>>> print(open('final_37.txt').read())   # compact mmCIF, C-alpha atoms and all ligand atoms
# COMPACT_ATOMS: atom_id res chain seq x y z
CA MET A 1 177.19 123.03 38.96
CA ASN A 2 175.81 122.72 35.44
CA GLY A 3 172.74 121.00 34.01
CA PRO A 4 169.18 120.68 35.30
CA LEU A 5 168.81 121.34 39.01
CA MET A 6 166.20 120.22 41.50
CA LYS A 7 163.40 122.72 42.03
CA GLY A 8 161.93 123.15 45.48
CA ALA A 9 159.65 120.35 46.67
CA GLY A 10 156.76 119.95 44.24
CA GLN A 11 157.73 123.02 42.21
CA LYS A 12 157.63 122.88 38.42
CA ASP A 13 158.27 125.05 35.36
CA PHE A 14 155.53 126.07 32.95
CA LEU A 15 157.35 126.13 29.61
CA ASP A 16 155.18 124.38 27.03
CA LEU A 17 151.80 122.64 26.91
CA ALA A 18 153.44 119.72 25.06
CA LEU A 19 155.29 118.80 28.26
CA PHE A 20 152.14 118.29 30.35
CA GLU A 21 149.73 115.49 31.15
CA THR A 22 146.19 116.37 30.11
CA ALA A 23 145.00 115.83 33.70
CA THR A 24 147.34 118.59 34.94
CA LEU A 25 146.14 121.06 32.30
CA ASP A 26 142.51 120.16 33.10
CA ALA A 27 143.18 120.73 36.81
CA ILE A 28 144.74 124.15 36.09
CA LEU A 29 141.68 125.16 34.03
CA GLU A 30 139.32 123.93 36.74
CA GLU A 31 141.13 126.02 39.33
CA ALA A 32 141.09 129.07 37.02
CA ILE A 33 137.32 128.80 36.56
CA ALA A 34 136.75 128.34 40.30
CA ARG A 35 138.92 131.33 41.20
CA LYS A 36 137.21 133.48 38.57
CA LYS A 37 133.78 132.56 39.96
CA ALA A 38 134.86 133.05 43.57
CA ARG A 39 135.83 136.67 43.03
CA ALA A 40 133.07 137.76 40.63
CA GLY A 41 132.09 141.36 41.37
CA ARG A 42 135.18 142.12 43.49
CA ALA A 43 137.47 145.06 42.78
CA HIS A 44 140.60 144.00 40.90
CA GLY A 45 142.82 145.30 43.69
CA MET A 46 141.25 143.11 46.38
CA ALA A 47 143.10 139.92 47.26
CA ASP A 48 141.42 136.51 47.06
CA ASP A 49 140.17 135.16 50.39
CA ASP A 50 142.79 132.42 50.65
CA CYS A 51 145.86 134.43 49.51
CA PRO A 52 147.79 131.22 48.72
CA LEU A 53 150.96 133.02 47.58
CA GLN A 54 151.28 135.39 50.52
CA GLY A 55 154.92 136.41 50.97
CA ARG A 56 155.94 135.03 47.56
CA VAL A 57 157.75 137.15 44.94
CA LEU A 58 157.54 136.70 41.16
CA ALA A 59 160.30 138.28 39.04
CA MET A 60 159.02 139.27 35.62
CA ILE A 61 161.69 139.73 32.93
CA PHE A 62 160.61 141.32 29.65
CA ASP A 63 162.96 141.47 26.70
CA LYS A 64 160.02 142.49 24.47
CA GLN A 65 156.93 144.67 24.79
CA SER A 66 153.79 143.50 26.59
CA THR A 67 150.46 144.84 27.80
CA ARG A 68 148.41 141.76 28.77
CA THR A 69 151.15 139.43 30.02
CA ARG A 70 152.81 142.06 32.15
CA ILE A 71 149.65 143.42 33.75
CA SER A 72 147.81 140.13 34.17
CA PHE A 73 150.77 138.42 35.90
CA ASP A 74 151.22 141.43 38.17
CA ILE A 75 147.55 141.54 39.16
CA ALA A 76 147.48 137.74 39.46
CA MET A 77 150.27 137.81 42.05
CA ARG A 78 148.60 140.64 43.99
CA GLN A 79 145.27 138.81 44.10
CA LEU A 80 147.06 135.66 45.31
CA GLY A 81 148.69 137.68 48.10
CA GLY A 82 152.19 137.91 46.55
CA THR A 83 154.25 140.63 44.91
CA THR A 84 156.20 141.11 41.66
CA LEU A 85 159.44 142.64 40.48
CA MET A 86 159.39 144.07 36.97
CA LEU A 87 162.71 143.77 35.12
CA THR A 88 163.91 144.16 31.56
CA GLY A 89 166.83 142.26 30.07
CA ASN A 90 168.41 145.58 29.11
CA GLU A 91 168.71 146.91 32.61
CA MET A 92 170.12 143.65 33.98
CA GLN A 93 173.73 142.45 33.64
CA LEU A 94 172.35 140.04 31.03
CA ALA A 95 172.79 142.94 28.62
CA ARG A 96 176.51 142.94 29.57
CA GLU A 97 176.93 139.25 28.88
CA GLU A 98 176.30 137.73 32.30
CA THR A 99 175.14 134.24 31.38
CA ILE A 100 171.54 133.17 31.59
CA ALA A 101 172.65 130.24 33.79
CA ASP A 102 174.33 132.54 36.34
CA THR A 103 171.30 134.83 36.20
CA ALA A 104 169.12 131.82 37.01
CA ARG A 105 171.28 130.86 39.99
CA VAL A 106 171.23 134.41 41.37
CA LEU A 107 167.48 134.92 40.89
CA SER A 108 166.90 131.61 42.68
CA ARG A 109 168.46 133.14 45.82
CA TYR A 110 166.11 136.15 45.84
CA VAL A 111 162.68 135.36 44.40
CA ASP A 112 160.22 132.46 44.38
CA ALA A 113 159.50 132.22 40.63
CA VAL A 114 160.40 133.87 37.32
CA MET A 115 158.13 134.70 34.41
CA ILE A 116 160.12 135.61 31.31
CA ARG A 117 159.36 136.95 27.82
CA LEU A 118 162.38 136.32 25.64
CA LEU A 119 162.31 135.36 21.95
CA ASP A 120 165.12 132.82 22.30
CA HIS A 121 163.32 129.69 23.57
CA GLU A 122 166.56 127.82 24.22
CA MET A 123 167.65 130.59 26.60
CA VAL A 124 164.39 130.27 28.51
CA GLN A 125 164.99 126.52 28.75
CA GLU A 126 168.53 127.23 29.99
CA LEU A 127 167.15 129.60 32.61
CA ALA A 128 164.74 126.90 33.79
CA ASP A 129 167.47 124.23 33.78
CA ASN A 130 169.67 126.36 36.03
CA ALA A 131 167.05 127.79 38.36
CA THR A 132 165.94 126.09 41.56
CA ILE A 133 162.66 128.02 41.31
CA PRO A 134 159.83 127.66 38.76
CA VAL A 135 160.20 129.42 35.41
CA ILE A 136 157.14 130.41 33.35
CA ASN A 137 157.24 131.03 29.60
CA GLY A 138 155.64 134.43 28.96
CA LEU A 139 156.19 134.08 25.16
CA THR A 140 159.15 132.98 23.11
CA ARG A 141 159.58 132.83 19.36
CA ASN A 142 158.53 129.17 19.66
CA SER A 143 155.40 129.26 21.80
CA HIS A 144 152.97 131.12 24.06
CA PRO A 145 151.46 128.53 26.40
CA CYS A 146 149.80 130.89 28.94
CA GLN A 147 147.87 132.53 26.09
CA VAL A 148 146.46 129.29 24.76
CA MET A 149 145.47 128.09 28.25
CA ALA A 150 143.39 131.30 28.48
CA ASP A 151 142.00 130.62 25.00
CA VAL A 152 140.91 127.07 25.85
CA MET A 153 139.29 128.41 29.02
CA THR A 154 137.48 131.05 26.96
CA PHE A 155 136.25 128.51 24.43
CA GLU A 156 134.93 126.23 27.18
CA GLU A 157 133.15 129.10 28.99
CA ARG A 158 131.27 129.95 25.81
CA LYS A 159 130.80 126.59 24.10
CA GLY A 160 131.36 123.78 26.62
CA SER A 161 134.08 121.14 26.43
CA ILE A 162 136.62 121.69 23.64
CA ARG A 163 137.19 117.93 23.27
CA GLY A 164 136.06 116.79 19.80
CA ARG A 165 135.36 120.33 18.57
CA THR A 166 136.98 121.99 15.55
CA ILE A 167 139.25 125.03 15.76
CA ALA A 168 140.48 126.79 12.60
CA TRP A 169 143.68 128.85 12.45
CA CYS A 170 144.26 131.16 9.48
CA GLY A 171 147.54 133.00 9.09
CA ASP A 172 151.15 132.87 10.19
CA GLY A 173 152.62 129.63 11.56
CA ASN A 174 153.83 131.49 14.64
CA ASN A 175 154.37 130.97 18.39
CA VAL A 176 150.67 131.16 19.28
CA LEU A 177 149.81 128.55 16.65
CA VAL A 178 152.45 126.20 18.06
CA SER A 179 150.77 126.34 21.47
CA TRP A 180 147.41 125.70 19.74
CA VAL A 181 148.96 122.58 18.15
CA HIS A 182 150.14 121.43 21.58
CA ALA A 183 146.68 122.14 23.02
CA ALA A 184 144.91 120.20 20.24
CA VAL A 185 146.89 117.09 21.20
CA LYS A 186 146.51 117.54 24.95
CA PHE A 187 142.82 118.56 25.01
CA GLY A 188 141.70 116.35 22.09
CA PHE A 189 140.21 118.76 19.56
CA ALA A 190 140.55 118.99 15.78
CA LEU A 191 142.76 121.80 14.46
CA ARG A 192 142.56 123.01 10.86
CA VAL A 193 145.53 125.24 10.00
CA ALA A 194 145.74 127.36 6.86
CA SER A 195 148.97 129.27 6.23
CA PRO A 196 150.93 130.31 3.15
CA PRO A 197 153.48 127.55 2.39
CA GLU A 198 156.33 130.00 3.08
CA LEU A 199 155.02 130.71 6.60
CA THR A 200 153.84 127.30 7.71
CA VAL A 201 154.75 126.11 11.18
CA ARG A 202 158.21 124.52 11.42
CA ARG A 203 158.69 120.86 10.53
CA ALA A 204 159.46 119.63 14.06
CA VAL A 205 156.02 120.83 15.21
CA ARG A 206 154.26 119.25 12.22
CA ASP A 207 156.11 115.98 12.84
CA TRP A 208 155.21 116.08 16.53
CA ALA A 209 151.55 116.64 15.63
CA ALA A 210 151.63 113.80 13.07
CA GLN A 211 153.08 111.27 15.51
CA SER A 212 150.51 112.23 18.17
CA GLY A 213 147.71 110.65 16.12
CA SER A 214 145.60 113.78 16.64
CA ASP A 215 143.23 115.33 14.10
CA ILE A 216 145.46 118.24 12.99
CA THR A 217 145.79 119.31 9.37
CA PHE A 218 148.19 121.85 7.88
CA GLY A 219 147.00 123.34 4.57
CA THR A 220 146.98 126.56 2.60
CA ASP A 221 143.25 127.14 1.93
CA ALA A 222 141.75 129.52 4.51
CA ASP A 223 138.13 129.05 3.38
CA ALA A 224 138.46 125.27 3.62
CA ALA A 225 140.00 125.54 7.11
CA VAL A 226 137.15 127.62 8.59
CA GLU A 227 134.34 125.60 6.94
CA GLY A 228 132.07 124.31 9.73
CA ALA A 229 134.53 125.27 12.51
CA ASP A 230 133.43 125.98 16.11
CA CYS A 231 136.06 128.67 16.50
CA VAL A 232 138.17 130.75 14.11
CA VAL A 233 141.54 132.04 15.36
CA THR A 234 144.12 134.34 13.87
CA ASP A 235 147.04 136.50 14.99
CA THR A 236 149.21 139.32 13.75
CA TRP A 237 151.03 138.90 10.44
CA VAL A 238 154.25 140.29 11.92
CA SER A 239 155.31 138.93 15.30
CA MET A 240 157.87 140.50 17.61
CA GLY A 241 161.30 139.90 16.10
CA ASP A 242 160.02 139.46 12.51
CA GLU A 243 161.69 141.83 10.08
CA ASP A 244 160.24 140.91 6.68
CA THR A 245 157.10 143.02 7.14
CA THR A 246 156.28 143.71 3.49
CA ARG A 247 156.80 140.10 2.42
CA ARG A 248 154.57 138.89 5.27
CA HIS A 249 151.80 141.34 4.39
CA ASN A 250 151.89 140.17 0.77
CA LEU A 251 151.82 136.49 1.71
CA LEU A 252 149.18 136.79 4.42
CA LYS A 253 146.61 139.20 3.00
CA ALA A 254 144.64 136.28 1.51
CA TYR A 255 144.26 134.88 5.07
CA GLN A 256 142.36 137.82 6.57
CA ILE A 257 139.30 136.95 8.66
CA ASP A 258 136.45 139.08 7.35
CA ALA A 259 132.69 138.63 7.70
CA ARG A 260 132.48 136.54 4.52
CA ARG A 261 135.09 134.08 5.75
CA MET A 262 133.71 134.02 9.31
CA ALA A 263 130.29 133.10 7.85
CA ARG A 264 131.74 129.81 6.56
CA ALA A 265 132.24 128.65 10.15
CA LYS A 266 129.29 127.37 12.22
CA ASN A 267 126.57 129.99 12.87
CA ASP A 268 127.45 130.04 16.55
CA ALA A 269 131.23 129.90 16.04
CA ILE A 270 133.39 132.27 18.05
CA PHE A 271 136.32 134.39 16.89
CA MET A 272 139.54 134.50 18.91
CA HIS A 273 142.73 136.56 18.72
CA CYS A 274 145.39 136.83 21.45
CA LEU A 275 145.78 140.60 20.85
CA PRO A 276 147.28 143.02 20.05
CA ALA A 277 145.24 143.06 16.82
CA HIS A 278 146.06 144.92 13.63
CA ARG A 279 142.58 145.89 12.53
CA GLY A 280 142.10 145.82 8.78
CA GLU A 281 145.04 143.40 8.42
CA GLU A 282 144.54 139.90 9.89
CA VAL A 283 140.96 140.73 10.97
CA THR A 284 138.34 143.26 9.95
CA ASN A 285 136.61 145.54 12.47
CA ASP A 286 133.19 143.98 11.91
CA VAL A 287 134.53 140.56 13.00
CA ILE A 288 136.67 141.59 15.97
CA ASP A 289 133.96 143.96 17.25
CA GLY A 290 131.08 141.66 16.25
CA PRO A 291 128.90 139.38 18.39
CA GLN A 292 131.03 136.28 17.74
CA SER A 293 134.22 137.86 19.02
CA ALA A 294 135.62 136.60 22.35
CA VAL A 295 138.88 138.58 22.30
CA PHE A 296 138.39 140.56 25.52
CA ASP A 297 137.30 137.45 27.42
CA GLU A 298 140.56 135.88 26.28
CA ALA A 299 142.47 138.87 27.64
CA GLU A 300 140.60 138.70 30.97
CA ASN A 301 141.12 134.98 31.26
CA ARG A 302 144.89 135.43 31.10
CA LEU A 303 144.55 136.74 34.66
CA HIS A 304 142.47 133.84 35.96
CA VAL A 305 144.39 131.06 34.25
CA GLN A 306 147.79 132.49 35.25
CA LYS A 307 146.69 132.54 38.89
CA ALA A 308 146.08 128.80 38.57
CA ILE A 309 149.42 128.36 36.76
CA LEU A 310 151.31 130.32 39.44
CA LYS A 311 149.68 128.29 42.19
CA TRP A 312 150.51 125.05 40.37
CA CYS A 313 154.16 126.08 39.82
CA LEU A 314 154.63 127.13 43.44
CA ARG A 315 152.58 124.48 45.15
N1 LIG B 401 148.54 138.37 24.10
C1 LIG B 401 149.65 138.86 24.72
O1 LIG B 401 150.51 138.13 25.17
O2 LIG B 401 149.66 140.20 24.80
P1 LIG B 401 150.88 141.12 25.30
O3 LIG B 401 151.93 141.07 24.21
O4 LIG B 401 150.27 142.48 25.43
O5 LIG B 401 151.41 140.58 26.58
N1 LIG B 402 152.56 136.28 17.68
C1 LIG B 402 152.60 137.52 18.43
C2 LIG B 402 151.91 137.35 19.72
C3 LIG B 402 151.87 138.58 20.59
C4 LIG B 402 151.19 138.35 21.91
C5 LIG B 402 154.05 137.91 18.66
O1 LIG B 402 154.87 137.04 18.94
O2 LIG B 402 154.37 139.10 18.52
>>> encode(input="final_37.txt", output="structure tokens")
Amino acid sequence: MNGPLMKGAGQKDFLDLALFETATLDAILEEAIARKKARAGRAHGMADDDCPLQGRVLAMIFDKQSTRTRISFDIAMRQLGGTTLMLTGNEMQLAREETIADTARVLSRYVDAVMIRLLDHEMVQELADNATIPVINGLTRNSHPCQVMADVMTFEERKGSIRGRTIAWCGDGNNVLVSWVHAAVKFGFALRVASPPELTVRRAVRDWAAQSGSDITFGTDADAAVEGADCVVTDTWVSMGDEDTTRRHNLLKAYQIDARRMARAKNDAIFMHCLPAHRGEEVTNDVIDGPQSAVFDEAENRLHVQKAILKWCLR
């Protein structure tokens, strides 16, 4: 049987923020905050009191490197009472041309959900279309929705509701930025993007943003983008799968976040970066290690928000 299949009762994929109702994303964030509060002070290895995913298994497939995504999903499942299987595309028959659709059908007979990091977004969609279990996007070339859910949570912990606030992005028009664009529409904040024209986000995303009626601008001037912002965000100049390293460094060096540029944002603005950071490239040490930096809260919040995502997918 080909084409989209029925998931289990109530079960859903988590592929892109653009596909969600705001109320669902708000509910996921609310649950993440509640779960974080409920286990404050507990050892990481201790399960949550309710263990809502007891007996459930999450398969994690990584075709690319990861520190945060891999560890935070693993710990998330343990704290929810479930377990994980860690797989790489290379050691599966996928590497010997078994189709992604057949892989989806087989995994659906063994595990309760799949989290996958694969650059090819269409293949992740195909996996989801052919699986009868939830599929979670753990980063593709197109987007990184779990990261930006953690980022919105981090912003709101520090600064209150993100609705109506201004976020500035300086740098590459990459996967993380795309999820920020989706978030700006869904959560109702202004997004000021500054990228070199050669590395701006792809047209389909700009068109989607334009038709949403949201306050999102795509420009090239980094100083103008950060002026008066509540939060300044950047990311690596060279993402996984990018090969034109020297060209990217040359195009992006004018977009570095240093103390001078950070000072153009509001006095109490925060700095965010999904990590891993390339210190001295997209951000200077004084900014990423300075008092406005929220980067390790973002990393921690991956754990809390993904617990809420897993629970939502498997409900
Ligand atoms: N931010 C993020 O996804 O980090 P990893 O690549 O370490 O998973
Ligand atoms: N844009 C980066 C994010 C890493 C978490 C990449 O895709 O490599």
>>> residues_around(input="final_37.txt", residues="A:Thr140", least_positions_apart="3", cutoff="10 Å", atoms="all atoms listed in the file", output="list of chain:residue names")
A:Leu15, A:Asp63, A:Lys64, A:Ile116, A:Arg117, A:Leu118, A:Leu119, A:Asp120, A:His121, A:Glu122, A:Met123, A:Val124, A:Asn137, A:Ser143, A:His144, A:Pro145, A:Asn175, A:Val176, A:Met240
>>> residues_around(input="final_37.txt", residues="A:Gly10", least_positions_apart="2", cutoff="9 Å", atoms="all atoms listed in the file", output="ChimeraX atom specification")
/A:7-8,12,312-315
>>> residues_near_point(input="final_37.txt", point="(135.0, 138.6, 18.7)", cutoff="12 Å", atoms="all atoms listed in the file", output="PyMOL selection string")
chain A and resi 154-155+158+231-234+257-259+262+268-275+277+283-299
>>> atom_distance(input="final_37.txt", atom1="atom CA of A:Gln11", atom2="atom CA of A:Thr132")
8.8 Å
>>> residues_near_ligand(input="final_37.txt", ligand="ligand LIG 401 (chain B)", cutoff="7 Å", atoms="only C-alpha atoms and all ligand atoms", output="ChimeraX atom specification")
/A:65-70,139,147,274-276
>>> residues_near_point(input="final_37.txt", point="(145.7, 126.9, 28.7)", cutoff="12 Å", atoms="only C-alpha atoms", output="VMD selection string")
chain A and resid 14 to 18 20 22 24 to 33 144 to 156 162 176 179 to 184 186 to 187 298 301 to 309
>>> atom_distance(input="final_37.txt", atom1="atom CA of A:Trp208", atom2="atom CA of A:Val178")
10.6 Å
>>> closest_residue(input="final_37.txt", among="A:Asp172, A:Glu282, A:Asp230, A:Glu198", to="ligand LIG 402 (chain B)", atoms="all atoms listed in the file")
A:Asp172
>>> closest_residue(input="final_37.txt", among="A:Met77, A:Leu310, A:Leu19, A:Ala263", to="A:His44", atoms="only C-alpha atoms")
A:Met77
>>> build_atoms(input="final_37.txt", residues="stretch 4-28 of chain A", atoms="N, CA and C atoms", output="compact mmCIF listing (two decimals), keeping the file's coordinate frame")
# COMPACT_ATOMS: atom_id res chain seq x y z
N PRO A 4 170.44 120.49 34.59
CA PRO A 4 169.18 120.68 35.30
C PRO A 4 169.35 120.51 36.80
N LEU A 5 168.73 121.40 37.55
CA LEU A 5 168.81 121.34 39.01
C LEU A 5 167.45 120.96 39.57
N MET A 6 167.46 120.54 40.83
CA MET A 6 166.20 120.22 41.50
C MET A 6 165.50 121.52 41.87
N LYS A 7 164.22 121.60 41.54
CA LYS A 7 163.40 122.72 42.03
C LYS A 7 163.06 122.42 43.48
N GLY A 8 162.43 123.41 44.14
CA GLY A 8 161.93 123.15 45.48
C GLY A 8 160.89 122.04 45.44
N ALA A 9 160.57 121.49 46.61
CA ALA A 9 159.65 120.35 46.67
C ALA A 9 158.35 120.65 45.93
N GLY A 10 158.03 119.82 44.96
CA GLY A 10 156.76 119.95 44.24
C GLY A 10 156.73 121.07 43.22
N GLN A 11 157.80 121.87 43.12
CA GLN A 11 157.73 123.02 42.21
C GLN A 11 158.11 122.62 40.79
N LYS A 12 157.43 123.25 39.83
CA LYS A 12 157.63 122.88 38.42
C LYS A 12 157.64 124.11 37.54
N ASP A 13 158.30 123.98 36.37
CA ASP A 13 158.27 125.05 35.36
C ASP A 13 156.98 124.96 34.55
N PHE A 14 156.65 126.07 33.91
CA PHE A 14 155.53 126.07 32.95
C PHE A 14 156.10 126.60 31.64
N LEU A 15 156.61 125.70 30.81
CA LEU A 15 157.35 126.13 29.61
C LEU A 15 156.60 125.85 28.32
N ASP A 16 155.89 124.73 28.26
CA ASP A 16 155.18 124.38 27.03
C ASP A 16 154.07 123.38 27.33
N LEU A 17 152.93 123.54 26.67
CA LEU A 17 151.80 122.64 26.91
C LEU A 17 152.16 121.21 26.51
N ALA A 18 153.07 121.06 25.54
CA ALA A 18 153.44 119.72 25.06
C ALA A 18 154.06 118.87 26.17
N LEU A 19 154.57 119.53 27.22
CA LEU A 19 155.29 118.80 28.26
C LEU A 19 154.36 118.29 29.36
N PHE A 20 153.06 118.57 29.24
CA PHE A 20 152.14 118.29 30.35
C PHE A 20 151.24 117.09 30.10
N GLU A 21 150.82 116.47 31.20
CA GLU A 21 149.73 115.49 31.15
C GLU A 21 148.44 116.27 31.01
N THR A 22 147.49 115.71 30.27
CA THR A 22 146.19 116.37 30.11
C THR A 22 145.54 116.64 31.47
N ALA A 23 145.66 115.69 32.39
CA ALA A 23 145.00 115.83 33.70
C ALA A 23 145.51 117.08 34.43
N THR A 24 146.79 117.39 34.28
CA THR A 24 147.34 118.59 34.94
C THR A 24 146.75 119.85 34.32
N LEU A 25 146.69 119.87 32.98
CA LEU A 25 146.14 121.06 32.30
C LEU A 25 144.66 121.22 32.66
N ASP A 26 143.94 120.10 32.71
CA ASP A 26 142.51 120.16 33.10
C ASP A 26 142.38 120.72 34.52
N ALA A 27 143.26 120.28 35.41
CA ALA A 27 143.18 120.73 36.81
C ALA A 27 143.48 122.24 36.90
N ILE A 28 144.42 122.71 36.10
CA ILE A 28 144.74 124.15 36.09
C ILE A 28 143.52 124.94 35.60
